[in-house]
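Everything below belongs to data_24.pdb, which stores PDB, C-alpha atoms.
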ATOM      1  CA  MET A  20       5.106-254.089-226.903
ATOM      2  CA  GLY A  21       3.825-257.397-228.246
ATOM      3  CA  ILE A  22       0.779-259.351-227.090
ATOM      4  CA  LEU A  23       2.869-261.845-225.098
ATOM      5  CA  GLU A  24       4.688-259.041-223.268
ATOM      6  CA  LEU A  25       1.400-257.270-222.600
ATOM      7  CA  PHE A  26      -0.120-260.495-221.295
ATOM      8  CA  LEU A  27       2.837-261.078-218.968
ATOM      9  CA  LEU A  28       2.632-257.483-217.777
ATOM     10  CA  ALA A  29      -1.126-257.842-217.180
ATOM     11  CA  VAL A  30      -0.554-261.046-215.209
ATOM     12  CA  GLY A  31       2.191-259.390-213.170
ATOM     13  CA  LEU A  32       0.021-256.377-212.393
ATOM     14  CA  SER A  33      -2.964-258.531-211.489
ATOM     15  CA  MET A  34      -1.099-260.538-208.842
ATOM     16  CA  ASP A  35      -1.727-258.043-206.017
ATOM     17  CA  ALA A  36      -5.445-258.041-206.829
ATOM     18  CA  PHE A  37      -5.363-261.837-207.152
ATOM     19  CA  ALA A  38      -3.738-262.179-203.722
ATOM     20  CA  VAL A  39      -6.282-259.834-202.108
ATOM     21  CA  SER A  40      -9.101-261.683-203.877
ATOM     22  CA  ILE A  41      -7.859-264.968-202.438
ATOM     23  CA  CYS A  42      -8.033-263.395-198.978
ATOM     24  CA  LYS A  43     -11.531-262.067-199.747
ATOM     25  CA  GLY A  44     -12.640-265.572-200.706
ATOM     26  CA  LEU A  45     -11.074-266.965-197.555
ATOM     27  CA  SER A  46     -12.767-264.387-195.336
ATOM     28  CA  LEU A  47     -16.131-264.748-197.071
ATOM     29  CA  GLY A  48     -16.218-268.504-196.732
ATOM     30  CA  LYS A  49     -19.269-269.391-198.806
ATOM     31  CA  ILE A  50     -19.204-267.289-201.951
ATOM     32  CA  LYS A  51     -21.549-266.582-204.841
ATOM     33  CA  ILE A  52     -20.879-265.580-208.448
ATOM     34  CA  LYS A  53     -21.845-262.068-207.342
ATOM     35  CA  HIS A  54     -18.794-261.914-205.031
ATOM     36  CA  MET A  55     -16.486-263.006-207.840
ATOM     37  CA  CYS A  56     -17.929-260.385-210.208
ATOM     38  CA  ILE A  57     -17.748-257.588-207.624
ATOM     39  CA  ALA A  58     -14.058-258.289-206.974
ATOM     40  CA  GLY A  59     -13.357-258.643-210.696
ATOM     41  CA  LEU A  60     -15.070-255.386-211.592
ATOM     42  CA  TRP A  61     -13.414-253.336-208.854
ATOM     43  CA  PHE A  62      -9.925-254.701-209.329
ATOM     44  CA  GLY A  63     -10.098-255.028-213.113
ATOM     45  CA  GLY A  64     -11.600-251.560-213.463
ATOM     46  CA  PHE A  65      -8.892-249.894-211.411
ATOM     47  CA  GLN A  66      -6.103-251.912-213.051
ATOM     48  CA  ALA A  67      -7.368-250.481-216.362
ATOM     49  CA  LEU A  68      -7.948-246.936-215.092
ATOM     50  CA  MET A  69      -4.628-246.381-213.334
ATOM     51  CA  PRO A  70      -2.328-247.061-216.327
ATOM     52  CA  LEU A  71      -4.552-244.799-218.405
ATOM     53  CA  ILE A  72      -3.993-241.980-215.917
ATOM     54  CA  GLY A  73      -0.265-242.772-215.799
ATOM     55  CA  TYR A  74      -0.099-242.784-219.596
ATOM     56  CA  PHE A  75      -1.443-239.243-219.813
ATOM     57  CA  LEU A  76       0.889-238.073-217.042
ATOM     58  CA  GLY A  77       3.836-239.722-218.790
ATOM     59  CA  GLY A  78       2.809-238.274-222.143
ATOM     60  CA  PHE A  79       3.073-234.818-220.659
ATOM     61  CA  PHE A  80       6.752-235.379-219.791
ATOM     62  CA  LYS A  81       7.659-237.649-222.715
ATOM     63  CA  ASP A  82       9.309-235.016-224.901
ATOM     64  CA  TYR A  83      11.665-234.020-222.103
ATOM     65  CA  ILE A  84      13.051-237.440-221.305
ATOM     66  CA  THR A  85      12.867-239.673-224.396
ATOM     67  CA  LYS A  86      16.634-240.356-224.277
ATOM     68  CA  ILE A  87      16.357-242.055-220.892
ATOM     69  CA  ASP A  88      12.840-243.498-221.131
ATOM     70  CA  HIS A  89      14.081-247.109-221.074
ATOM     71  CA  TRP A  90      15.927-246.381-217.826
ATOM     72  CA  ILE A  91      12.793-244.862-216.307
ATOM     73  CA  ALA A  92      10.690-247.863-217.346
ATOM     74  CA  PHE A  93      13.398-250.184-215.985
ATOM     75  CA  VAL A  94      13.627-248.437-212.603
ATOM     76  CA  LEU A  95       9.857-248.190-212.138
ATOM     77  CA  LEU A  96       9.216-251.841-213.035
ATOM     78  CA  VAL A  97      12.091-253.108-210.867
ATOM     79  CA  ILE A  98      10.826-251.071-207.908
ATOM     80  CA  ILE A  99       7.266-252.306-208.392
ATOM     81  CA  GLY A 100       8.358-255.927-208.865
ATOM     82  CA  GLY A 101      10.804-255.798-205.974
ATOM     83  CA  ASN A 102       8.149-254.346-203.704
ATOM     84  CA  MET A 103       5.744-257.144-204.645
ATOM     85  CA  ILE A 104       8.370-259.761-203.803
ATOM     86  CA  LYS A 105       9.205-257.995-200.514
ATOM     87  CA  GLU A 106       5.517-257.909-199.551
ATOM     88  CA  ALA A 107       5.264-261.651-200.193
ATOM     89  CA  PHE A 108       7.748-262.235-197.373
ATOM     90  CA  GLY A 109       6.228-259.637-195.040
ATOM     91  CA  PRO A 110       3.638-260.123-192.335
ATOM     92  CA  GLU A 111       0.279-261.560-193.338
ATOM     93  CA  GLU A 112      -2.332-258.887-194.022
ATOM     94  CA  ASN A 113      -5.884-259.303-192.801
ATOM     95  CA  VAL A 114      -8.593-258.624-195.350
ATOM     96  CA  ASP A 115     -12.096-257.688-194.267
ATOM     97  CA  ALA A 116     -14.886-259.844-195.729
ATOM     98  CA  SER A 117     -16.911-256.738-196.644
ATOM     99  CA  MET A 118     -17.746-256.261-200.325
ATOM    100  CA  LYS A 119     -19.165-252.775-199.697
ATOM    101  CA  PRO A 120     -18.125-250.060-202.185
ATOM    102  CA  GLY A 121     -16.019-248.086-199.703
ATOM    103  CA  ASN A 122     -14.019-251.149-198.717
ATOM    104  CA  MET A 123     -13.598-252.367-202.296
ATOM    105  CA  PHE A 124     -12.601-248.879-203.491
ATOM    106  CA  LEU A 125      -9.739-248.706-201.001
ATOM    107  CA  LEU A 126      -8.526-252.187-201.905
ATOM    108  CA  ALA A 127      -8.799-251.480-205.637
ATOM    109  CA  VAL A 128      -6.768-248.287-205.320
ATOM    110  CA  ALA A 129      -4.178-249.958-203.084
ATOM    111  CA  THR A 130      -3.677-252.884-205.480
ATOM    112  CA  SER A 131      -3.484-250.705-208.595
ATOM    113  CA  ILE A 132      -1.011-247.990-207.604
ATOM    114  CA  ASP A 133       1.757-249.916-209.371
ATOM    115  CA  ALA A 134      -0.340-249.845-212.559
ATOM    116  CA  LEU A 135      -0.171-246.040-212.467
ATOM    117  CA  ALA A 136       3.614-246.201-212.766
ATOM    118  CA  VAL A 137       3.323-248.785-215.542
ATOM    119  CA  GLY A 138       1.056-246.362-217.407
ATOM    120  CA  VAL A 139       3.834-243.777-217.267
ATOM    121  CA  THR A 140       6.174-246.290-218.899
ATOM    122  CA  PHE A 141       3.525-246.957-221.579
ATOM    123  CA  ALA A 142       3.769-243.314-222.626
ATOM    124  CA  PHE A 143       7.544-243.639-223.072
ATOM    125  CA  LEU A 144       7.170-246.891-225.000
ATOM    126  CA  SER A 145       4.413-245.496-227.281
ATOM    127  CA  VAL A 146       1.994-248.299-226.409
ATOM    128  CA  SER A 147      -1.521-248.254-227.911
ATOM    129  CA  ILE A 148      -3.165-247.353-224.632
ATOM    130  CA  ILE A 149      -6.845-248.272-225.062
ATOM    131  CA  PRO A 150      -6.243-251.894-226.147
ATOM    132  CA  ALA A 151      -3.487-252.234-223.526
ATOM    133  CA  VAL A 152      -5.539-251.006-220.555
ATOM    134  CA  SER A 153      -8.580-252.970-221.728
ATOM    135  CA  PHE A 154      -6.484-256.121-221.874
ATOM    136  CA  ILE A 155      -5.012-255.462-218.413
ATOM    137  CA  GLY A 156      -8.508-254.864-217.030
ATOM    138  CA  VAL A 157      -9.893-258.094-218.500
ATOM    139  CA  VAL A 158      -6.945-260.176-217.274
ATOM    140  CA  THR A 159      -7.217-258.654-213.792
ATOM    141  CA  PHE A 160     -10.987-259.241-213.776
ATOM    142  CA  ALA A 161     -10.420-262.927-214.559
ATOM    143  CA  PHE A 162      -7.648-263.349-211.979
ATOM    144  CA  SER A 163      -9.620-261.499-209.288
ATOM    145  CA  ALA A 164     -12.809-263.465-209.861
ATOM    146  CA  ALA A 165     -10.823-266.698-209.834
ATOM    147  CA  GLY A 166      -8.960-265.536-206.721
ATOM    148  CA  VAL A 167     -12.193-265.189-204.748
ATOM    149  CA  LYS A 168     -13.166-268.740-205.719
ATOM    150  CA  ILE A 169      -9.701-270.136-205.004
ATOM    151  CA  GLY A 170      -9.633-268.359-201.639
ATOM    152  CA  SER A 171     -12.948-269.890-200.657
ATOM    153  CA  ILE A 172     -11.591-273.340-201.535
ATOM    154  CA  PHE A 173      -7.893-273.326-200.630
ATOM    155  CA  GLY A 174      -7.353-270.358-198.341
ATOM    156  CA  SER A 175      -4.280-268.134-198.280
ATOM    157  CA  LYS A 176      -1.760-270.849-199.219
ATOM    158  CA  TYR A 177      -0.995-269.314-202.643
ATOM    159  CA  LYS A 178      -1.101-265.589-201.780
ATOM    160  CA  SER A 179       2.645-265.083-201.352
ATOM    161  CA  LYS A 180       3.469-267.277-204.354
ATOM    162  CA  ALA A 181       1.226-265.080-206.526
ATOM    163  CA  GLU A 182       2.968-261.918-205.312
ATOM    164  CA  ILE A 183       6.413-263.425-205.959
ATOM    165  CA  LEU A 184       5.400-264.500-209.480
ATOM    166  CA  GLY A 185       4.029-261.040-210.244
ATOM    167  CA  GLY A 186       7.203-259.378-209.007
ATOM    168  CA  VAL A 187       9.474-261.683-211.011
ATOM    169  CA  ILE A 188       7.464-261.056-214.197
ATOM    170  CA  LEU A 189       7.675-257.277-213.784
ATOM    171  CA  ILE A 190      11.429-257.379-213.110
ATOM    172  CA  ALA A 191      12.000-259.617-216.158
ATOM    173  CA  LEU A 192      10.039-257.168-218.321
ATOM    174  CA  ALA A 193      12.106-254.313-216.872
ATOM    175  CA  PHE A 194      15.327-255.969-217.999
ATOM    176  CA  LYS A 195      13.895-256.681-221.449
ATOM    177  CA  ILE A 196      12.906-253.022-221.881
ATOM    178  CA  LEU A 197      16.311-251.830-220.671
ATOM    179  CA  ILE A 198      18.224-254.149-223.008
ATOM    180  CA  GLU A 199      16.082-253.145-225.982
ATOM    181  CA  GLY A 200      16.546-249.467-225.095
ATOM    182  CA  LEU A 201      20.298-249.794-224.788
ATOM    183  CA  LEU A 202      20.576-251.751-228.036
ATOM    184  CA  GLY A 203      18.285-249.315-229.843
ATOM    185  CA  GLY A 204      15.659-251.901-230.655
TER     186      GLY A 204
END
Could you spell out this file's structure in structure tokens?
Amino acid sequence: MGILELFLLAVGLSMDAFAVSICKGLSLGKIKIKHMCIAGLWFGGFQALMPLIGYFLGGFFKDYITKIDHWIAFVLLVIIGGNMIKEAFGPEENVDASMKPGNMFLLAVATSIDALAVGVTFAFLSVSIIPAVSFIGVVTFAFSAAGVKIGSIFGSKYKSKAEILGGVILIALAFKILIEGLLGG
């Protein structure tokens, strides 16, 4: 997986956290740098941790299913991307303004579950995991911190557009992985 593909994947994964961060910024109203950093650390940290966990889980099963790994990656990414797009058209979710650890933990886990499945695909694709999860974490940190600021300025206008973009990116990557797997490249 090249740097451009990893960047697109990181952007796609960060869109849920970005959307929630926009809502956080909207609900907080007046924000401080501290709020942006808290959101960035929680969301970026979990977006890095979850694929790492998924990678080790996937590595355990890798030897059993290497002949169909591209299909597994394809199915997981299409499901994740499709779900993100579906959520964009669903009812608006209310986000509590609280930045307390318990609240942020639940949001961070909820927005990073898809990254766990992506980590499983990393094991099948033999991705260098530490640089990959670090990159995903940094990108998500930046998007989440920016999302809090954008939410405080613009409100929830861009939340669904961010989820749609993230879903489309993940589905496009799924097709790329499938085609490369089928062509042996």
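The coordinates place CA of Phe160 in chain A at 7.9 Å from CA of Cys56 in chain A.
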CA of Leu126 in chain A to CA of Phe62 in chain A, straight-line distance in Å: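 Computing it gives 8.0 Å between the two atoms.
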Residue members of the PyMOL selection byres ((chain A and resi 63) around 12) in the file shown, as a PDB file with C-alpha atoms, in the frame of the given file:
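Generated file (out-v6.pdb):
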ATOM      1  CA  ALA A  29      -1.126-257.842-217.180  1.00  0.00           C
ATOM      2  CA  VAL A  30      -0.554-261.046-215.209  1.00  0.00           C
ATOM      3  CA  LEU A  32       0.021-256.377-212.393  1.00  0.00           C
ATOM      4  CA  SER A  33      -2.964-258.531-211.489  1.00  0.00           C
ATOM      5  CA  MET A  34      -1.099-260.538-208.842  1.00  0.00           C
ATOM      6  CA  ASP A  35      -1.727-258.043-206.017  1.00  0.00           C
ATOM      7  CA  ALA A  36      -5.445-258.041-206.829  1.00  0.00           C
ATOM      8  CA  PHE A  37      -5.363-261.837-207.152  1.00  0.00           C
ATOM      9  CA  SER A  40      -9.101-261.683-203.877  1.00  0.00           C
ATOM     10  CA  MET A  55     -16.486-263.006-207.840  1.00  0.00           C
ATOM     11  CA  CYS A  56     -17.929-260.385-210.208  1.00  0.00           C
ATOM     12  CA  ILE A  57     -17.748-257.588-207.624  1.00  0.00           C
ATOM     13  CA  ALA A  58     -14.058-258.289-206.974  1.00  0.00           C
ATOM     14  CA  GLY A  59     -13.357-258.643-210.696  1.00  0.00           C
ATOM     15  CA  LEU A  60     -15.070-255.386-211.592  1.00  0.00           C
ATOM     16  CA  TRP A  61     -13.414-253.336-208.854  1.00  0.00           C
ATOM     17  CA  PHE A  62      -9.925-254.701-209.329  1.00  0.00           C
ATOM     18  CA  GLY A  64     -11.600-251.560-213.463  1.00  0.00           C
ATOM     19  CA  PHE A  65      -8.892-249.894-211.411  1.00  0.00           C
ATOM     20  CA  GLN A  66      -6.103-251.912-213.051  1.00  0.00           C
ATOM     21  CA  ALA A  67      -7.368-250.481-216.362  1.00  0.00           C
ATOM     22  CA  LEU A  68      -7.948-246.936-215.092  1.00  0.00           C
ATOM     23  CA  MET A  69      -4.628-246.381-213.334  1.00  0.00           C
ATOM     24  CA  PRO A  70      -2.328-247.061-216.327  1.00  0.00           C
ATOM     25  CA  MET A 123     -13.598-252.367-202.296  1.00  0.00           C
ATOM     26  CA  PHE A 124     -12.601-248.879-203.491  1.00  0.00           C
ATOM     27  CA  LEU A 126      -8.526-252.187-201.905  1.00  0.00           C
ATOM     28  CA  ALA A 127      -8.799-251.480-205.637  1.00  0.00           C
ATOM     29  CA  VAL A 128      -6.768-248.287-205.320  1.00  0.00           C
ATOM     30  CA  THR A 130      -3.677-252.884-205.480  1.00  0.00           C
ATOM     31  CA  SER A 131      -3.484-250.705-208.595  1.00  0.00           C
ATOM     32  CA  ALA A 134      -0.340-249.845-212.559  1.00  0.00           C
ATOM     33  CA  VAL A 152      -5.539-251.006-220.555  1.00  0.00           C
ATOM     34  CA  SER A 153      -8.580-252.970-221.728  1.00  0.00           C
ATOM     35  CA  PHE A 154      -6.484-256.121-221.874  1.00  0.00           C
ATOM     36  CA  ILE A 155      -5.012-255.462-218.413  1.00  0.00           C
ATOM     37  CA  GLY A 156      -8.508-254.864-217.030  1.00  0.00           C
ATOM     38  CA  VAL A 157      -9.893-258.094-218.500  1.00  0.00           C
ATOM     39  CA  VAL A 158      -6.945-260.176-217.274  1.00  0.00           C
ATOM     40  CA  THR A 159      -7.217-258.654-213.792  1.00  0.00           C
ATOM     41  CA  PHE A 160     -10.987-259.241-213.776  1.00  0.00           C
ATOM     42  CA  ALA A 161     -10.420-262.927-214.559  1.00  0.00           C
ATOM     43  CA  PHE A 162      -7.648-263.349-211.979  1.00  0.00           C
ATOM     44  CA  SER A 163      -9.620-261.499-209.288  1.00  0.00           C
ATOM     45  CA  ALA A 164     -12.809-263.465-209.861  1.00  0.00           C
TER      46      ALA A 164
END
Proximity to Leu202 in chain A - best of A:His89, A:Leu28, A:Ser46, A:Gly166, only C-alpha atoms: A:His89
Box dimensions and centre (Å, one decimal) enclosing range 141-159 of chain A, axis-aligned, 5 Å extra per side, as AutoDock Vina command-line options:
--center_x -1.2 --center_y -251.7 --center_z -220.9 --size_x 27.4 --size_y 26.9 --size_z 24.1
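Nearest residue to Ser179 in chain A among A:Ala107, A:Leu45, A:Val97, A:Leu71 is A:Ala107, counting all atoms listed in the file.
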Select from range 99-142 of chain A every residue with an atom at most 8 Å from any atom of range 187-190 of chain A, then for each give the shortest pair of atoms and their distance in Å to one decimal, using all atoms listed in the file, rows by chain and rising number, as a Markdown table.
| residue | atom | partner | partner_atom | distance |
| --- | --- | --- | --- | --- |
| A:Ile99 | CA | A:Leu189 | CA | 7.3 |
| A:Gly100 | CA | A:Leu189 | CA | 5.1 |
| A:Gly101 | CA | A:Ile190 | CA | 7.3 |
| A:Ile104 | CA | A:Val187 | CA | 7.5 |
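Between CA of Ala165 in chain A and CA of Ile98 in chain A there is a distance of 26.8 Å.
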Pull out every residue that the PyMOL selection byres ((chain A and resi 200) around 12) matches in the shown coordinates and put them as a PDB file with C-alpha atoms, in the coordinates of the input.
ATOM      1  CA  THR A  85      12.867-239.673-224.396  1.00  0.00           C
ATOM      2  CA  LYS A  86      16.634-240.356-224.277  1.00  0.00           C
ATOM      3  CA  ILE A  87      16.357-242.055-220.892  1.00  0.00           C
ATOM      4  CA  ASP A  88      12.840-243.498-221.131  1.00  0.00           C
ATOM      5  CA  HIS A  89      14.081-247.109-221.074  1.00  0.00           C
ATOM      6  CA  TRP A  90      15.927-246.381-217.826  1.00  0.00           C
ATOM      7  CA  ILE A  91      12.793-244.862-216.307  1.00  0.00           C
ATOM      8  CA  ALA A  92      10.690-247.863-217.346  1.00  0.00           C
ATOM      9  CA  PHE A  93      13.398-250.184-215.985  1.00  0.00           C
ATOM     10  CA  PHE A 143       7.544-243.639-223.072  1.00  0.00           C
ATOM     11  CA  LEU A 144       7.170-246.891-225.000  1.00  0.00           C
ATOM     12  CA  ALA A 193      12.106-254.313-216.872  1.00  0.00           C
ATOM     13  CA  PHE A 194      15.327-255.969-217.999  1.00  0.00           C
ATOM     14  CA  LYS A 195      13.895-256.681-221.449  1.00  0.00           C
ATOM     15  CA  ILE A 196      12.906-253.022-221.881  1.00  0.00           C
ATOM     16  CA  LEU A 197      16.311-251.830-220.671  1.00  0.00           C
ATOM     17  CA  ILE A 198      18.224-254.149-223.008  1.00  0.00           C
ATOM     18  CA  GLU A 199      16.082-253.145-225.982  1.00  0.00           C
ATOM     19  CA  LEU A 201      20.298-249.794-224.788  1.00  0.00           C
ATOM     20  CA  LEU A 202      20.576-251.751-228.036  1.00  0.00           C
ATOM     21  CA  GLY A 203      18.285-249.315-229.843  1.00  0.00           C
ATOM     22  CA  GLY A 204      15.659-251.901-230.655  1.00  0.00           C
TER      23      GLY A 204
END
Distance criterion (only C-alpha atoms): nearest to Gly77 in chain A out of A:Ile172, A:Val146, A:Ile183, A:Leu47: A:Val146
Selection under test: the PyMOL selection byres ((chain A and resi 136) around 8); residues as a PyMOL selection string: chain A and resi 70+73+95-96+132-135+137-140
Dump as a PDB file, in the coordinates of the input, selection limited to C-alpha atoms:
ATOM      1  CA  PRO A  70      -2.328-247.061-216.327  1.00  0.00           C
ATOM      2  CA  GLY A  73      -0.265-242.772-215.799  1.00  0.00           C
ATOM      3  CA  LEU A  95       9.857-248.190-212.138  1.00  0.00           C
ATOM      4  CA  LEU A  96       9.216-251.841-213.035  1.00  0.00           C
ATOM      5  CA  ILE A 132      -1.011-247.990-207.604  1.00  0.00           C
ATOM      6  CA  ASP A 133       1.757-249.916-209.371  1.00  0.00           C
ATOM      7  CA  ALA A 134      -0.340-249.845-212.559  1.00  0.00           C
ATOM      8  CA  LEU A 135      -0.171-246.040-212.467  1.00  0.00           C
ATOM      9  CA  VAL A 137       3.323-248.785-215.542  1.00  0.00           C
ATOM     10  CA  GLY A 138       1.056-246.362-217.407  1.00  0.00           C
ATOM     11  CA  VAL A 139       3.834-243.777-217.267  1.00  0.00           C
ATOM     12  CA  THR A 140       6.174-246.290-218.899  1.00  0.00           C
TER      13      THR A 140
END
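Nearest to Ile149 in chain A of all the residues A:Val167, A:Ile72, A:Leu192, A:Ala129 is A:Ile72, based on only C-alpha atoms.
Excluding Ile41 in chain A itself and any same-chain residue fewer than 2 positions from it, the protein and nucleic acid residues within 6 Å of it, counting all atoms listed in the file, are Ala38, Val39, Lys43, Gly44, Gly166, Val167 and Gly170 of chain A.
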